[in-house]
Amino acid sequence: MIASIVAIVICVLMILLLMFIGQRLSGEMRTVGIFVCICIGIYAGHQLYKGIIQKQLNLEQNKKCLERMEDIMAAIEKYNENSPKLMEKLDLGKLQKKNLLTKPITPTENDKFECVYSGQKLDTTEGKIVCTVHGDIDQVRLEIAKQE
Ligand SMILES: [Zn+2]
């Protein structure tokens, strides 16, 4: 959103600059001026484009991470229902063994980050699942809300 406003502002500025150059300068100077303007425009556009792509990638990664965390939490709940002892420390091996996870927790080749999950005191209200890259579930949710 902000990126597109910036892009529009830059476009308008470039057009104004080009108009100014066209009127004030003549001959070779005008050609050079227009050339420089176009170069700056392309550069700025490219930087903006990269920024937008980067943001989208981050958003996607955050969403994936959140999905995995929710999946892990649901799996722990199911595990606890059928186990005499509540899971206290995150044990993905146990969850996998019982087929409780619906999403793969190992990163795919499209993933930019390698999310690694841990969790302590899960049998208490203090317990949280934490991703080493993205933080706990509340942080990831906040990050997604900020990005959208
Ligand atoms: Zn993560």
# chains A, B, ... in the order shown; residues from 1 in each chain; ligands from 1

$ residues_near_ligand --ligand "ligand 1" --cutoff "10 Å" --atoms "only C-alpha atoms and all ligand atoms" --output "PDB file with C-alpha atoms, in the first residue's frame"
ATOM      1  CA  GLN A  61       6.511 -17.119   5.096  1.00  0.00           C
ATOM      2  CA  ASN A  62       4.810 -15.715   8.162  1.00  0.00           C
ATOM      3  CA  LYS A  63       1.512 -17.242   7.109  1.00  0.00           C
ATOM      4  CA  LYS A  64       3.137 -20.607   6.528  1.00  0.00           C
ATOM      5  CA  CYS A  65       4.796 -20.424   9.922  1.00  0.00           C
ATOM      6  CA  LEU A  66       1.484 -19.532  11.585  1.00  0.00           C
ATOM      7  CA  GLU A  67      -0.261 -22.432   9.838  1.00  0.00           C
ATOM      8  CA  ARG A  68       2.406 -24.817  11.077  1.00  0.00           C
ATOM      9  CA  MET A  69       2.197 -23.480  14.618  1.00  0.00           C
ATOM     10  CA  PRO A 107      10.984 -26.683   5.332  1.00  0.00           C
ATOM     11  CA  ASP A 111      10.952 -21.699   2.044  1.00  0.00           C
ATOM     12  CA  LYS A 112      13.220 -18.793   2.659  1.00  0.00           C
ATOM     13  CA  PHE A 113      13.542 -19.471   6.361  1.00  0.00           C
ATOM     14  CA  GLU A 114      14.075 -22.659   8.192  1.00  0.00           C
ATOM     15  CA  CYS A 115      11.517 -22.480  10.928  1.00  0.00           C
ATOM     16  CA  VAL A 116      12.519 -24.500  13.952  1.00  0.00           C
ATOM     17  CA  TYR A 117       9.892 -24.967  16.606  1.00  0.00           C
ATOM     18  CA  VAL A 130       8.064 -20.641  19.541  1.00  0.00           C
ATOM     19  CA  CYS A 131       9.678 -20.475  16.112  1.00  0.00           C
ATOM     20  CA  THR A 132      13.363 -19.589  16.195  1.00  0.00           C
ATOM     21  CA  VAL A 133      12.901 -17.378  13.127  1.00  0.00           C
ATOM     22  CA  HIS A 134       9.483 -15.796  13.651  1.00  0.00           C
ATOM     23  CA  GLY A 135       8.924 -15.841  17.385  1.00  0.00           C
ATOM     24  CA  ASP A 136       5.842 -17.072  19.210  1.00  0.00           C
ATOM     25  CA  ILE A 137       2.378 -17.344  17.712  1.00  0.00           C
ATOM     26  CA  VAL A 140       3.673 -14.024  14.055  1.00  0.00           C
TER      27      VAL A 140
END

$ residues_around --residues "Lys94 in chain A" --least-positions-apart "5" --cutoff "9 Å" --atoms "only C-alpha atoms" --output "PyMOL selection string"
chain A and resi 79+99-100

$ residues_around --residues "Leu18 in chain A" --least-positions-apart "4" --cutoff "12 Å" --atoms "only C-alpha atoms" --output "JSON, numbers by chain"
{"A": [11, 12, 13, 14, 22, 23, 24, 25, 30, 31, 32, 33, 34, 35, 36, 37, 38, 39, 40, 41]}

$ residues_around --residues "range 143-148 of chain A" --least-positions-apart "4" --cutoff "9 Å" --atoms "only C-alpha atoms" --output "short mmCIF file (atom, residue, chain, number, x, y, z; two decimals) with C-alpha atoms, in the first residue's frame"
data_model
loop_
_atom_site.label_atom_id
_atom_site.label_comp_id
_atom_site.auth_asym_id
_atom_site.auth_seq_id
_atom_site.Cartn_x
_atom_site.Cartn_y
_atom_site.Cartn_z
CA MET A 1 0.00 0.00 0.00
CA LYS A 55 7.30 -7.99 1.54
CA GLN A 56 5.04 -10.52 -0.15
CA ASN A 58 7.84 -12.35 4.11
CA LEU A 59 4.07 -12.32 4.43
CA GLU A 60 3.83 -15.74 2.81
CA ASN A 62 4.81 -15.71 8.16
CA LYS A 63 1.51 -17.24 7.11
CA HIS A 134 9.48 -15.80 13.65
CA ASP A 138 1.27 -13.91 18.93
CA GLN A 139 4.31 -12.27 17.36
#

$ closest_residue --among "A:Ile72, A:Ala7, A:Met19, A:Ile42" --to "Leu122 in chain A" --atoms "only C-alpha atoms"
A:Ile72

$ select_by_dssp --residues "chain A" --states "strand (DSSP E or B)" --output "MDAnalysis selection string"
chainID A and resid 117:120 128:131 135:136

$ residues_around --residues "Leu101 in chain A" --least-positions-apart "6" --cutoff "7 Å" --atoms "only C-alpha atoms" --output "compact mmCIF listing (two decimals) with N, CA and C atoms, in the first residue's frame"
# COMPACT_ATOMS: atom_id res chain seq x y z
N ASP A 71 -1.11 -25.91 13.50
CA ASP A 71 -1.17 -27.35 13.29
C ASP A 71 -0.53 -28.08 14.46
N ILE A 72 0.62 -27.58 14.90
CA ILE A 72 1.33 -28.20 16.03
C ILE A 72 0.47 -28.12 17.29
N ALA A 75 -2.28 -30.54 17.15
CA ALA A 75 -1.73 -31.89 17.33
C ALA A 75 -1.47 -32.16 18.81
N LEU A 95 4.56 -36.42 18.05
CA LEU A 95 3.37 -35.99 17.29
C LEU A 95 3.36 -36.63 15.91

$ residues_around --residues "Leu48 in chain A" --least-positions-apart "3" --cutoff "10 Å" --atoms "only C-alpha atoms" --output "ChimeraX atom specification"
/A:3-4,6-7,42-45,51-54

$ write_last_selection --atoms "N, CA and C atoms" --output "compact mmCIF listing (two decimals), in the first residue's frame"
# COMPACT_ATOMS: atom_id res chain seq x y z
N ALA A 3 4.01 1.30 -0.52
CA ALA A 3 4.92 1.18 -1.67
C ALA A 3 4.27 1.71 -2.94
N SER A 4 2.97 1.43 -3.14
CA SER A 4 2.33 1.91 -4.37
C SER A 4 2.15 3.42 -4.35
N VAL A 6 4.21 5.50 -2.88
CA VAL A 6 5.55 6.00 -3.17
C VAL A 6 5.83 5.91 -4.67
N ALA A 7 5.42 4.78 -5.28
CA ALA A 7 5.65 4.58 -6.71
C ALA A 7 4.94 5.66 -7.52
N ILE A 42 13.87 4.12 -13.76
CA ILE A 42 13.98 2.65 -13.85
C ILE A 42 14.56 2.09 -12.56
N TYR A 43 15.61 2.77 -12.05
CA TYR A 43 16.26 2.31 -10.82
C TYR A 43 15.26 2.33 -9.66
N ALA A 44 14.57 3.47 -9.51
CA ALA A 44 13.61 3.61 -8.41
C ALA A 44 12.51 2.56 -8.53
N GLY A 45 12.03 2.38 -9.76
CA GLY A 45 10.97 1.39 -10.00
C GLY A 45 11.43 0.00 -9.62
N GLY A 51 11.29 -4.38 -3.29
CA GLY A 51 10.73 -4.20 -1.95
C GLY A 51 9.38 -4.86 -1.81
N ILE A 52 8.53 -4.69 -2.84
CA ILE A 52 7.18 -5.25 -2.79
C ILE A 52 7.25 -6.78 -2.79
N ILE A 53 8.11 -7.32 -3.66
CA ILE A 53 8.27 -8.78 -3.75
C ILE A 53 8.75 -9.33 -2.41
N GLN A 54 9.73 -8.63 -1.82
CA GLN A 54 10.29 -9.05 -0.54
C GLN A 54 9.21 -9.11 0.53

$ atom_distance --atom1 "CA of Gly27 in chain A" --atom2 "CA of Ile8 in chain A"
29.2 Å

$ residues_around --residues "Leu86 in chain A" --least-positions-apart "4" --cutoff "10 Å" --atoms "only C-alpha atoms" --output "list in words"
Ile76, Glu77, Tyr79, Asn80, Glu81, Asn82, Leu122, Asp123 and Thr124 of chain A

$ write_last_selection --atoms "N, CA and C atoms" --output "CSV table (one decimal), in the first residue's frame"
chain,number,residue,atom,x,y,z
A,76,ILE,N,-0.9,-31.2,19.5
A,76,ILE,CA,-0.7,-31.4,20.9
A,76,ILE,C,-2.0,-31.6,21.7
A,77,GLU,N,-3.0,-30.8,21.3
A,77,GLU,CA,-4.3,-31.0,21.9
A,77,GLU,C,-4.8,-32.4,21.8
A,79,TYR,N,-3.0,-35.0,21.1
A,79,TYR,CA,-2.1,-35.9,21.8
A,79,TYR,C,-2.5,-36.0,23.3
A,80,ASN,N,-2.8,-34.8,23.8
A,80,ASN,CA,-3.1,-34.7,25.3
A,80,ASN,C,-4.4,-35.5,25.6
A,81,GLU,N,-5.3,-35.4,24.6
A,81,GLU,CA,-6.6,-36.1,24.8
A,81,GLU,C,-6.4,-37.6,25.0
A,82,ASN,N,-5.4,-38.1,24.3
A,82,ASN,CA,-5.3,-39.6,24.3
A,82,ASN,C,-4.0,-40.1,25.1
A,122,LEU,N,4.4,-26.6,28.2
A,122,LEU,CA,3.2,-26.6,27.4
A,122,LEU,C,2.0,-27.1,28.2
A,123,ASP,N,2.3,-27.7,29.4
A,123,ASP,CA,1.2,-28.2,30.2
A,123,ASP,C,0.7,-27.1,31.1
A,124,THR,N,1.2,-25.9,31.0
A,124,THR,CA,0.8,-24.8,31.8
A,124,THR,C,0.2,-23.7,30.9
